[in-house]
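Below: start_9.cif (mmCIF, C-alpha atoms)
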data_work
loop_
_atom_site.label_atom_id
_atom_site.label_comp_id
_atom_site.auth_asym_id
_atom_site.auth_seq_id
_atom_site.Cartn_x
_atom_site.Cartn_y
_atom_site.Cartn_z
CA MET A 464 128.71 160.58 129.70
CA SER A 465 129.92 157.01 129.16
CA SER A 466 132.43 155.20 131.35
CA GLN A 467 135.54 153.48 130.07
CA ILE A 468 137.02 150.34 131.64
CA GLN A 469 140.69 149.77 131.10
CA PHE A 470 142.54 146.64 132.27
CA ARG A 471 146.19 146.29 133.24
CA ARG A 472 148.16 145.44 130.14
CA GLY A 473 151.65 144.53 129.02
CA SER A 474 153.78 142.65 126.50
CA THR A 475 154.00 138.84 126.48
CA VAL A 476 157.27 139.01 128.42
CA GLN A 477 155.72 141.28 131.04
CA THR A 478 152.57 139.17 131.21
CA THR A 479 154.43 135.86 131.72
CA THR A 480 156.15 137.20 134.84
CA PHE A 481 153.07 138.86 136.38
CA THR A 482 150.97 137.08 139.00
CA GLY A 483 147.56 138.73 139.14
CA ALA A 484 145.01 138.56 141.93
CA LEU A 485 142.33 135.85 141.96
CA ALA A 486 139.93 136.49 139.02
CA GLU A 487 141.92 139.52 137.83
CA VAL A 488 141.82 140.14 134.08
CA THR A 489 144.78 141.63 132.19
CA VAL A 490 145.59 142.13 128.50
CA ASP A 491 148.59 140.65 126.67
CA THR A 492 149.20 143.41 124.11
CA ASP A 493 151.51 141.26 121.93
CA LYS A 494 149.14 138.30 121.63
CA LYS A 495 146.06 140.56 121.70
CA THR A 496 144.26 138.34 124.21
CA LEU A 497 142.83 138.50 127.70
CA VAL A 498 144.56 136.67 130.55
CA ILE A 499 142.66 135.40 133.60
CA HIS A 500 144.68 135.20 136.82
CA ASP A 501 144.27 132.86 139.79
CA GLY A 502 146.38 134.66 142.38
CA ALA A 503 149.16 132.05 142.20
CA THR A 504 150.26 131.30 138.62
CA ALA A 505 152.81 133.61 137.01
CA GLY A 506 151.51 134.53 133.57
CA GLY A 507 147.93 133.55 134.36
CA ASN A 508 145.79 131.69 131.84
CA PRO A 509 145.53 133.31 128.39
CA LEU A 510 142.21 132.95 126.61
CA ALA A 511 142.20 131.50 123.10
CA THR A 512 141.70 133.96 120.26
CA GLN A 513 138.98 133.40 117.67
CA THR A 514 141.66 132.51 115.11
CA GLU A 515 143.01 129.76 117.39
CA LEU A 516 139.51 128.39 117.95
CA ASN A 517 138.77 128.44 114.21
CA LEU A 518 142.03 126.60 113.43
CA LYS A 519 141.38 123.96 116.08
CA ALA A 520 137.86 123.43 114.72
CA ALA A 521 139.15 123.21 111.14
CA LEU A 522 141.80 120.67 112.07
CA ALA A 523 139.27 118.61 114.02
CA SER A 524 136.75 118.63 111.18
CA THR A 525 139.30 117.29 108.70
CA ASN A 526 140.14 114.31 110.97
CA SER A 527 143.64 115.63 111.44
CA PHE A 528 145.37 116.57 114.64
CA THR A 529 142.44 116.80 117.05
CA ALA A 530 144.23 116.84 120.38
CA LEU A 531 146.28 120.03 120.27
CA ASN A 532 147.00 119.92 123.98
CA THR A 533 146.92 116.21 124.88
CA PHE A 534 149.05 113.13 124.50
CA SER A 535 146.04 111.04 123.46
CA THR A 536 147.84 108.62 121.16
CA LEU A 537 151.38 109.06 122.38
CA SER A 538 153.34 106.73 124.60
CA LEU A 539 154.56 108.19 127.87
CA VAL A 540 157.67 105.99 127.69
CA ALA A 541 160.31 107.57 125.48
CA ILE A 542 162.47 105.76 122.96
CA ASP A 543 165.89 107.20 123.90
CA LYS A 544 167.88 107.95 120.76
CA GLY A 545 170.90 108.85 122.91
CA ASN A 546 173.29 111.66 122.05
CA SER A 547 173.07 113.41 118.70
CA GLY A 548 176.77 113.90 118.01
CA VAL A 549 177.43 115.76 114.78
CA SER A 550 175.06 113.99 112.44
CA THR A 551 171.58 113.70 111.01
CA GLN A 552 169.06 112.32 113.45
CA THR A 553 165.90 110.82 111.96
CA PHE A 554 162.78 110.54 114.07
CA ASP A 555 161.09 107.46 112.61
CA TYR A 556 157.37 107.46 113.34
CA SER A 557 157.25 103.66 113.25
CA ALA A 558 159.83 103.47 116.08
CA GLY A 559 157.40 104.94 118.61
CA GLY A 560 155.28 107.99 119.35
CA HIS A 561 157.61 109.46 122.02
CA GLN A 562 161.30 109.82 121.24
CA LYS A 563 164.08 111.51 123.20
CA LEU A 564 167.30 113.04 121.88
CA THR A 565 170.10 114.82 123.75
CA ILE A 566 171.85 117.42 121.60
CA THR A 567 175.65 117.06 121.86
CA GLY A 568 176.75 118.56 118.54
CA ALA A 569 175.50 120.39 115.45
CA THR A 570 172.59 118.25 114.29
CA THR A 571 170.23 117.95 111.35
CA ILE A 572 166.76 116.68 112.22
CA ALA A 573 164.69 114.58 109.80
CA PHE A 574 161.39 112.69 110.06
CA SER A 575 160.25 109.50 108.35
CA ASN A 576 157.47 106.93 108.10
CA PHE A 577 154.44 109.01 109.05
CA PRO A 578 151.22 107.13 108.18
CA ALA A 579 150.04 107.42 104.56
CA THR A 580 146.53 108.38 105.67
CA GLY A 581 145.08 109.91 108.79
CA ARG A 582 147.25 111.71 111.28
CA GLY A 583 150.62 110.89 112.73
CA GLU A 584 151.91 112.52 115.92
CA LEU A 585 155.40 112.40 117.41
CA LEU A 586 156.32 113.73 120.82
CA ILE A 587 159.95 114.84 120.69
CA GLU A 588 161.75 115.18 124.03
CA LEU A 589 164.70 117.40 123.17
CA VAL A 590 167.40 117.78 125.85
CA ASN A 591 169.74 120.80 125.70
CA GLY A 592 168.24 121.84 122.36
CA ALA A 593 169.98 125.22 122.18
CA THR A 594 173.46 123.93 123.04
CA PHE A 595 174.40 123.46 119.38
CA THR A 596 172.89 124.43 116.02
CA ILE A 597 169.95 122.31 114.91
CA THR A 598 168.94 122.29 111.25
CA TRP A 599 165.23 121.54 111.07
CA PRO A 600 163.11 120.41 108.14
CA VAL A 601 160.25 122.76 107.25
CA ILE A 602 157.83 122.61 110.18
CA ASN A 603 154.80 124.89 110.30
CA PHE A 604 154.49 126.28 113.83
CA MET A 605 151.22 128.05 114.69
CA LYS A 606 151.70 131.35 116.50
CA THR A 607 149.14 132.65 118.99
CA ASP A 608 147.69 135.01 116.38
CA GLY A 609 146.73 132.00 114.23
CA THR A 610 149.38 132.54 111.57
CA PHE A 611 152.15 130.06 110.85
CA THR A 612 155.91 130.41 110.81
CA THR A 613 158.63 127.95 109.87
CA SER A 614 161.13 129.67 112.18
CA ILE A 615 161.30 128.04 115.59
CA ALA A 616 162.80 131.24 117.03
CA THR A 617 159.86 133.33 115.75
CA TYR A 618 157.40 130.74 117.06
CA LEU A 619 159.03 130.65 120.50
CA ALA A 620 159.17 134.46 120.72
CA ALA A 621 155.47 134.74 119.83
CA ASN A 622 154.29 131.95 122.12
CA THR A 623 156.70 131.87 125.08
CA GLY A 624 158.64 135.13 125.10
CA ARG A 625 161.95 133.30 124.56
CA THR A 626 163.78 132.90 121.25
CA ALA A 627 165.53 129.57 121.65
CA LEU A 628 165.09 126.09 123.01
CA LYS A 629 166.64 125.38 126.40
CA VAL A 630 170.44 125.31 126.65
CA SER A 631 170.22 123.26 129.81
CA GLY A 632 166.96 121.41 130.19
CA THR A 633 164.23 119.65 128.24
CA ASP A 634 161.75 120.94 125.68
CA PHE A 635 158.81 118.86 124.45
CA LEU A 636 157.80 119.39 120.83
CA LEU A 637 154.80 117.80 119.21
CA VAL A 638 155.31 117.27 115.48
CA PHE A 639 152.44 115.95 113.39
CA SER A 640 151.42 115.35 109.80
CA ARG A 641 148.19 114.52 107.97
CA ASP A 642 149.83 113.65 104.65
CA ALA A 643 152.55 111.05 105.25
CA GLY A 644 155.06 113.67 106.42
CA THR A 645 154.92 115.88 103.33
CA THR A 646 153.65 118.78 105.47
CA LEU A 647 154.77 118.94 109.08
CA TYR A 648 153.18 120.97 111.88
CA GLY A 649 154.68 121.62 115.27
CA LYS A 650 153.85 122.89 118.73
CA LEU A 651 155.92 123.39 121.88
CA LEU A 652 154.24 121.71 124.83
#
As a first step, turn the structure in this file into structure tokens.
Amino acid sequence: MSSQIQFRRGSTVQTTTFTGALAEVTVDTDKKTLVIHDGATAGGNPLATQTELNLKAALASTNSFTALNTFSTLSLVAIDKGNSGVSTQTFDYSAGGHQKLTITGATTIAFSNFPATGRGELLIELVNGATFTITWPVINFMKTDGTFTTSIATYLAANTGRTALKVSGTDFLLVFSRDAGTTLYGKLL
């Protein structure tokens, strides 16, 4: 007779609040991935799925966004765009790789001046992003299952367990393009 091993398991929301024992393995049933725990970190450390690894390899091989989790070419000093008010706010790539905006009214976000060739990356420091409605351009956000969505709420739910940016606090979004801004990709850091 064979033996069956079954790990603790739960949804992404349950997993993000669980602190497992040192070297404990659990299963995130929403993301369909294993999580390795260190005895201290709530949520543990999810392992990448094969789809995520394939996407990262594909992006790297096309000389596009190769540093999915680093600030390799970005400035750590933010260009502060101030308060949004009720207006369109354009993040101009040529103004600097790290730009900060505090949301103080219903805002439309736009991007401009990404490089014509190669990759362009912008780190957006968004303060109080869920305080008012933000109208975004089409940004392709990669979910943990390797598929893309253009809905920031769907992306956040799939990747963080929440459905909105922070009402009070700061979110960091990395927005990048490989084709002069025609196609935008995004990731919450």
Decode the PyMOL selection byres ((chain A and resi 625-633) around 9) for the given file into explicit residues and return them as a VMD selection string.
chain A and resid 476 565 588 to 595 615 to 624 634 to 635
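Close to (151.2, 120.5, 114.7), meaning no more than 9 Å away when counting all atoms listed in the file, sit the residues Phe528, Leu531, Glu584, Ile602, Asn603, Phe604, Met605, Leu637, Val638, Phe639, Ser640, Leu647, Tyr648, Gly649 and Lys650 of chain A.
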Please provide as an NGL selection string all residues within 6 Å of Gly473 in chain A, with the sequence filter that same-chain residues fewer than 4 positions apart are discarded (counting all atoms listed in the file).
:A and (477-478 or 491-492)
Can you tell me which residues surround Leu585 in chain A at a distance of at most 10 Å, considering all atoms listed in the file, apart from same-chain residues fewer than 5 positions away, and format the answer as a PyMOL selection string?
chain A and resi 534+536-538+554-557+559-562+574+577+636-640+649
Can those selected residues be exported to a file as an mmCIF file, in the frame of the given file so that it contains C-alpha atoms?
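The resulting file, selection39.cif, is shown below:
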data_model
loop_
_atom_site.group_PDB
_atom_site.id
_atom_site.type_symbol
_atom_site.label_atom_id
_atom_site.label_comp_id
_atom_site.auth_asym_id
_atom_site.auth_seq_id
_atom_site.Cartn_x
_atom_site.Cartn_y
_atom_site.Cartn_z
ATOM 1 C CA PHE A 534 149.050 113.130 124.500
ATOM 2 C CA THR A 536 147.840 108.620 121.160
ATOM 3 C CA LEU A 537 151.380 109.060 122.380
ATOM 4 C CA SER A 538 153.340 106.730 124.600
ATOM 5 C CA PHE A 554 162.780 110.540 114.070
ATOM 6 C CA ASP A 555 161.090 107.460 112.610
ATOM 7 C CA TYR A 556 157.370 107.460 113.340
ATOM 8 C CA SER A 557 157.250 103.660 113.250
ATOM 9 C CA GLY A 559 157.400 104.940 118.610
ATOM 10 C CA GLY A 560 155.280 107.990 119.350
ATOM 11 C CA HIS A 561 157.610 109.460 122.020
ATOM 12 C CA GLN A 562 161.300 109.820 121.240
ATOM 13 C CA PHE A 574 161.390 112.690 110.060
ATOM 14 C CA PHE A 577 154.440 109.010 109.050
ATOM 15 C CA LEU A 636 157.800 119.390 120.830
ATOM 16 C CA LEU A 637 154.800 117.800 119.210
ATOM 17 C CA VAL A 638 155.310 117.270 115.480
ATOM 18 C CA PHE A 639 152.440 115.950 113.390
ATOM 19 C CA SER A 640 151.420 115.350 109.800
ATOM 20 C CA GLY A 649 154.680 121.620 115.270
#
What does the structure give for the distance between CA of Leu485 in chain A and CA of His500 in chain A, in Å to one decimal?
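Result for CA of Leu485 in chain A versus CA of His500 in chain A: 5.7 Å, one decimal.
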From A:Ile587, A:Ile597, A:Leu651, A:Ala558, residue lying nearest Thr571 in chain A [all atoms listed in the file]:
A:Ile597
Which residues come within 10 Å of Thr580 in chain A, counting all atoms listed in the file, excluding same-chain residues fewer than 4 positions away, as a PDB file with C-alpha atoms, in the coordinates of the input?
ATOM      1  CA  SER A 527     143.640 115.630 111.440  1.00  0.00           C
ATOM      2  CA  SER A 640     151.420 115.350 109.800  1.00  0.00           C
ATOM      3  CA  ARG A 641     148.190 114.520 107.970  1.00  0.00           C
ATOM      4  CA  ASP A 642     149.830 113.650 104.650  1.00  0.00           C
ATOM      5  CA  ALA A 643     152.550 111.050 105.250  1.00  0.00           C
TER       6      ALA A 643
END
Target residues per the PyMOL selection byres ((chain A and resi 504) around 12), formatted as a list of chain:residue names:
A:Thr478, A:Thr479, A:Thr480, A:Phe481, A:Thr482, A:Gly483, A:Ala484, A:Leu485, A:Ala486, A:Glu487, A:Val498, A:Ile499, A:His500, A:Asp501, A:Gly502, A:Ala503, A:Ala505, A:Gly506, A:Gly507, A:Asn508, A:Pro509
Keeping only C-alpha atoms, take the residues you just selected and write them out as a PDB file, keeping the file's coordinate frame.
ATOM      1  CA  THR A 478     152.570 139.170 131.210  1.00  0.00           C
ATOM      2  CA  THR A 479     154.430 135.860 131.720  1.00  0.00           C
ATOM      3  CA  THR A 480     156.150 137.200 134.840  1.00  0.00           C
ATOM      4  CA  PHE A 481     153.070 138.860 136.380  1.00  0.00           C
ATOM      5  CA  THR A 482     150.970 137.080 139.000  1.00  0.00           C
ATOM      6  CA  GLY A 483     147.560 138.730 139.140  1.00  0.00           C
ATOM      7  CA  ALA A 484     145.010 138.560 141.930  1.00  0.00           C
ATOM      8  CA  LEU A 485     142.330 135.850 141.960  1.00  0.00           C
ATOM      9  CA  ALA A 486     139.930 136.490 139.020  1.00  0.00           C
ATOM     10  CA  GLU A 487     141.920 139.520 137.830  1.00  0.00           C
ATOM     11  CA  VAL A 498     144.560 136.670 130.550  1.00  0.00           C
ATOM     12  CA  ILE A 499     142.660 135.400 133.600  1.00  0.00           C
ATOM     13  CA  HIS A 500     144.680 135.200 136.820  1.00  0.00           C
ATOM     14  CA  ASP A 501     144.270 132.860 139.790  1.00  0.00           C
ATOM     15  CA  GLY A 502     146.380 134.660 142.380  1.00  0.00           C
ATOM     16  CA  ALA A 503     149.160 132.050 142.200  1.00  0.00           C
ATOM     17  CA  ALA A 505     152.810 133.610 137.010  1.00  0.00           C
ATOM     18  CA  GLY A 506     151.510 134.530 133.570  1.00  0.00           C
ATOM     19  CA  GLY A 507     147.930 133.550 134.360  1.00  0.00           C
ATOM     20  CA  ASN A 508     145.790 131.690 131.840  1.00  0.00           C
ATOM     21  CA  PRO A 509     145.530 133.310 128.390  1.00  0.00           C
TER      22      PRO A 509
END
Produce the centre coordinates and the three edge lengths, each in Å to one decimal, of the box along x, y and z that contains all listed atoms of range 580-599 of chain A with 8 Å added on each side, as JSON.
{"center_x": 159.7, "center_y": 116.8, "center_z": 115.8, "size_x": 45.3, "size_y": 32.8, "size_z": 36.2}
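Take the candidates A:Arg472, A:Lys544, A:Lys563, A:Lys606 and check each one against Leu586 in chain A using all atoms listed in the file; the shortest distance goes to A:Lys563.
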Could you write out as a VMD selection string the residues that the PyMOL selection byres ((chain A and resi 550) around 8) matches in the shown file?
chain A and resid 547 to 549 551 to 552 568 to 571
Could you please determine the separation between CA of Gly583 in chain A and CA of Thr596 in chain A in Å, to one decimal place?
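These atoms are spaced 26.3 Å apart.
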As an exercise, work out the distance from CA of Ala573 in chain A to CA of Thr553 in chain A in Å and give it to one decimal place.
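Distance reported for this atom pair: 4.5 Å.
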Assuming the input is short of atoms at range 467-487 of chain A, produce N, CA and C atoms for that part as a PDB file, in the frame of the given file.
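Result file is rebuild-v1.pdb:
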ATOM      1  N   GLN A 467     134.588 154.336 130.773  1.00  0.00           N
ATOM      2  CA  GLN A 467     135.540 153.480 130.070  1.00  0.00           C
ATOM      3  C   GLN A 467     136.229 152.587 131.094  1.00  0.00           C
ATOM      4  N   ILE A 468     136.299 151.285 130.786  1.00  0.00           N
ATOM      5  CA  ILE A 468     137.020 150.340 131.640  1.00  0.00           C
ATOM      6  C   ILE A 468     138.322 149.989 130.949  1.00  0.00           C
ATOM      7  N   GLN A 469     139.401 150.112 131.671  1.00  0.00           N
ATOM      8  CA  GLN A 469     140.690 149.770 131.100  1.00  0.00           C
ATOM      9  C   GLN A 469     141.396 148.799 132.041  1.00  0.00           C
ATOM     10  N   PHE A 470     141.870 147.659 131.482  1.00  0.00           N
ATOM     11  CA  PHE A 470     142.540 146.640 132.270  1.00  0.00           C
ATOM     12  C   PHE A 470     144.045 146.871 132.275  1.00  0.00           C
ATOM     13  N   ARG A 471     144.717 146.298 133.280  1.00  0.00           N
ATOM     14  CA  ARG A 471     146.190 146.290 133.240  1.00  0.00           C
ATOM     15  C   ARG A 471     146.601 145.609 131.954  1.00  0.00           C
ATOM     16  N   ARG A 472     147.717 146.012 131.401  1.00  0.00           N
ATOM     17  CA  ARG A 472     148.160 145.440 130.140  1.00  0.00           C
ATOM     18  C   ARG A 472     149.686 145.430 130.094  1.00  0.00           C
ATOM     19  N   GLY A 473     150.206 144.589 129.188  1.00  0.00           N
ATOM     20  CA  GLY A 473     151.650 144.530 129.020  1.00  0.00           C
ATOM     21  C   GLY A 473     152.005 143.575 127.901  1.00  0.00           C
ATOM     22  N   SER A 474     153.277 143.546 127.541  1.00  0.00           N
ATOM     23  CA  SER A 474     153.780 142.650 126.500  1.00  0.00           C
ATOM     24  C   SER A 474     153.713 141.203 126.984  1.00  0.00           C
ATOM     25  N   THR A 475     153.979 140.258 126.087  1.00  0.00           N
ATOM     26  CA  THR A 475     154.000 138.840 126.480  1.00  0.00           C
ATOM     27  C   THR A 475     155.045 138.594 127.557  1.00  0.00           C
ATOM     28  N   VAL A 476     156.214 139.188 127.422  1.00  0.00           N
ATOM     29  CA  VAL A 476     157.270 139.010 128.420  1.00  0.00           C
ATOM     30  C   VAL A 476     156.819 139.536 129.769  1.00  0.00           C
ATOM     31  N   GLN A 477     156.213 140.718 129.785  1.00  0.00           N
ATOM     32  CA  GLN A 477     155.720 141.280 131.040  1.00  0.00           C
ATOM     33  C   GLN A 477     154.602 140.419 131.628  1.00  0.00           C
ATOM     34  N   THR A 478     153.708 139.958 130.766  1.00  0.00           N
ATOM     35  CA  THR A 478     152.570 139.170 131.210  1.00  0.00           C
ATOM     36  C   THR A 478     153.013 137.842 131.830  1.00  0.00           C
ATOM     37  N   THR A 479     154.007 137.181 131.222  1.00  0.00           N
ATOM     38  CA  THR A 479     154.430 135.860 131.720  1.00  0.00           C
ATOM     39  C   THR A 479     155.071 135.919 133.093  1.00  0.00           C
ATOM     40  N   THR A 480     155.524 137.087 133.527  1.00  0.00           N
ATOM     41  CA  THR A 480     156.150 137.200 134.840  1.00  0.00           C
ATOM     42  C   THR A 480     155.209 137.791 135.882  1.00  0.00           C
ATOM     43  N   PHE A 481     154.023 138.214 135.469  1.00  0.00           N
ATOM     44  CA  PHE A 481     153.070 138.860 136.380  1.00  0.00           C
ATOM     45  C   PHE A 481     152.128 137.836 137.001  1.00  0.00           C
ATOM     46  N   THR A 482     151.942 137.916 138.306  1.00  0.00           N
ATOM     47  CA  THR A 482     150.970 137.080 139.000  1.00  0.00           C
ATOM     48  C   THR A 482     149.836 137.991 139.476  1.00  0.00           C
ATOM     49  N   GLY A 483     148.705 137.888 138.807  1.00  0.00           N
ATOM     50  CA  GLY A 483     147.560 138.730 139.140  1.00  0.00           C
ATOM     51  C   GLY A 483     146.765 138.158 140.289  1.00  0.00           C
ATOM     52  N   ALA A 484     145.885 138.978 140.830  1.00  0.00           N
ATOM     53  CA  ALA A 484     145.010 138.560 141.930  1.00  0.00           C
ATOM     54  C   ALA A 484     143.988 137.545 141.406  1.00  0.00           C
ATOM     55  N   LEU A 485     143.364 136.819 142.301  1.00  0.00           N
ATOM     56  CA  LEU A 485     142.330 135.850 141.960  1.00  0.00           C
ATOM     57  C   LEU A 485     141.231 136.534 141.151  1.00  0.00           C
ATOM     58  N   ALA A 486     140.961 136.002 139.952  1.00  0.00           N
ATOM     59  CA  ALA A 486     139.930 136.490 139.020  1.00  0.00           C
ATOM     60  C   ALA A 486     140.270 137.829 138.386  1.00  0.00           C
ATOM     61  N   GLU A 487     141.516 138.292 138.502  1.00  0.00           N
ATOM     62  CA  GLU A 487     141.920 139.520 137.830  1.00  0.00           C
ATOM     63  C   GLU A 487     142.083 139.256 136.333  1.00  0.00           C
TER      64      GLU A 487
END
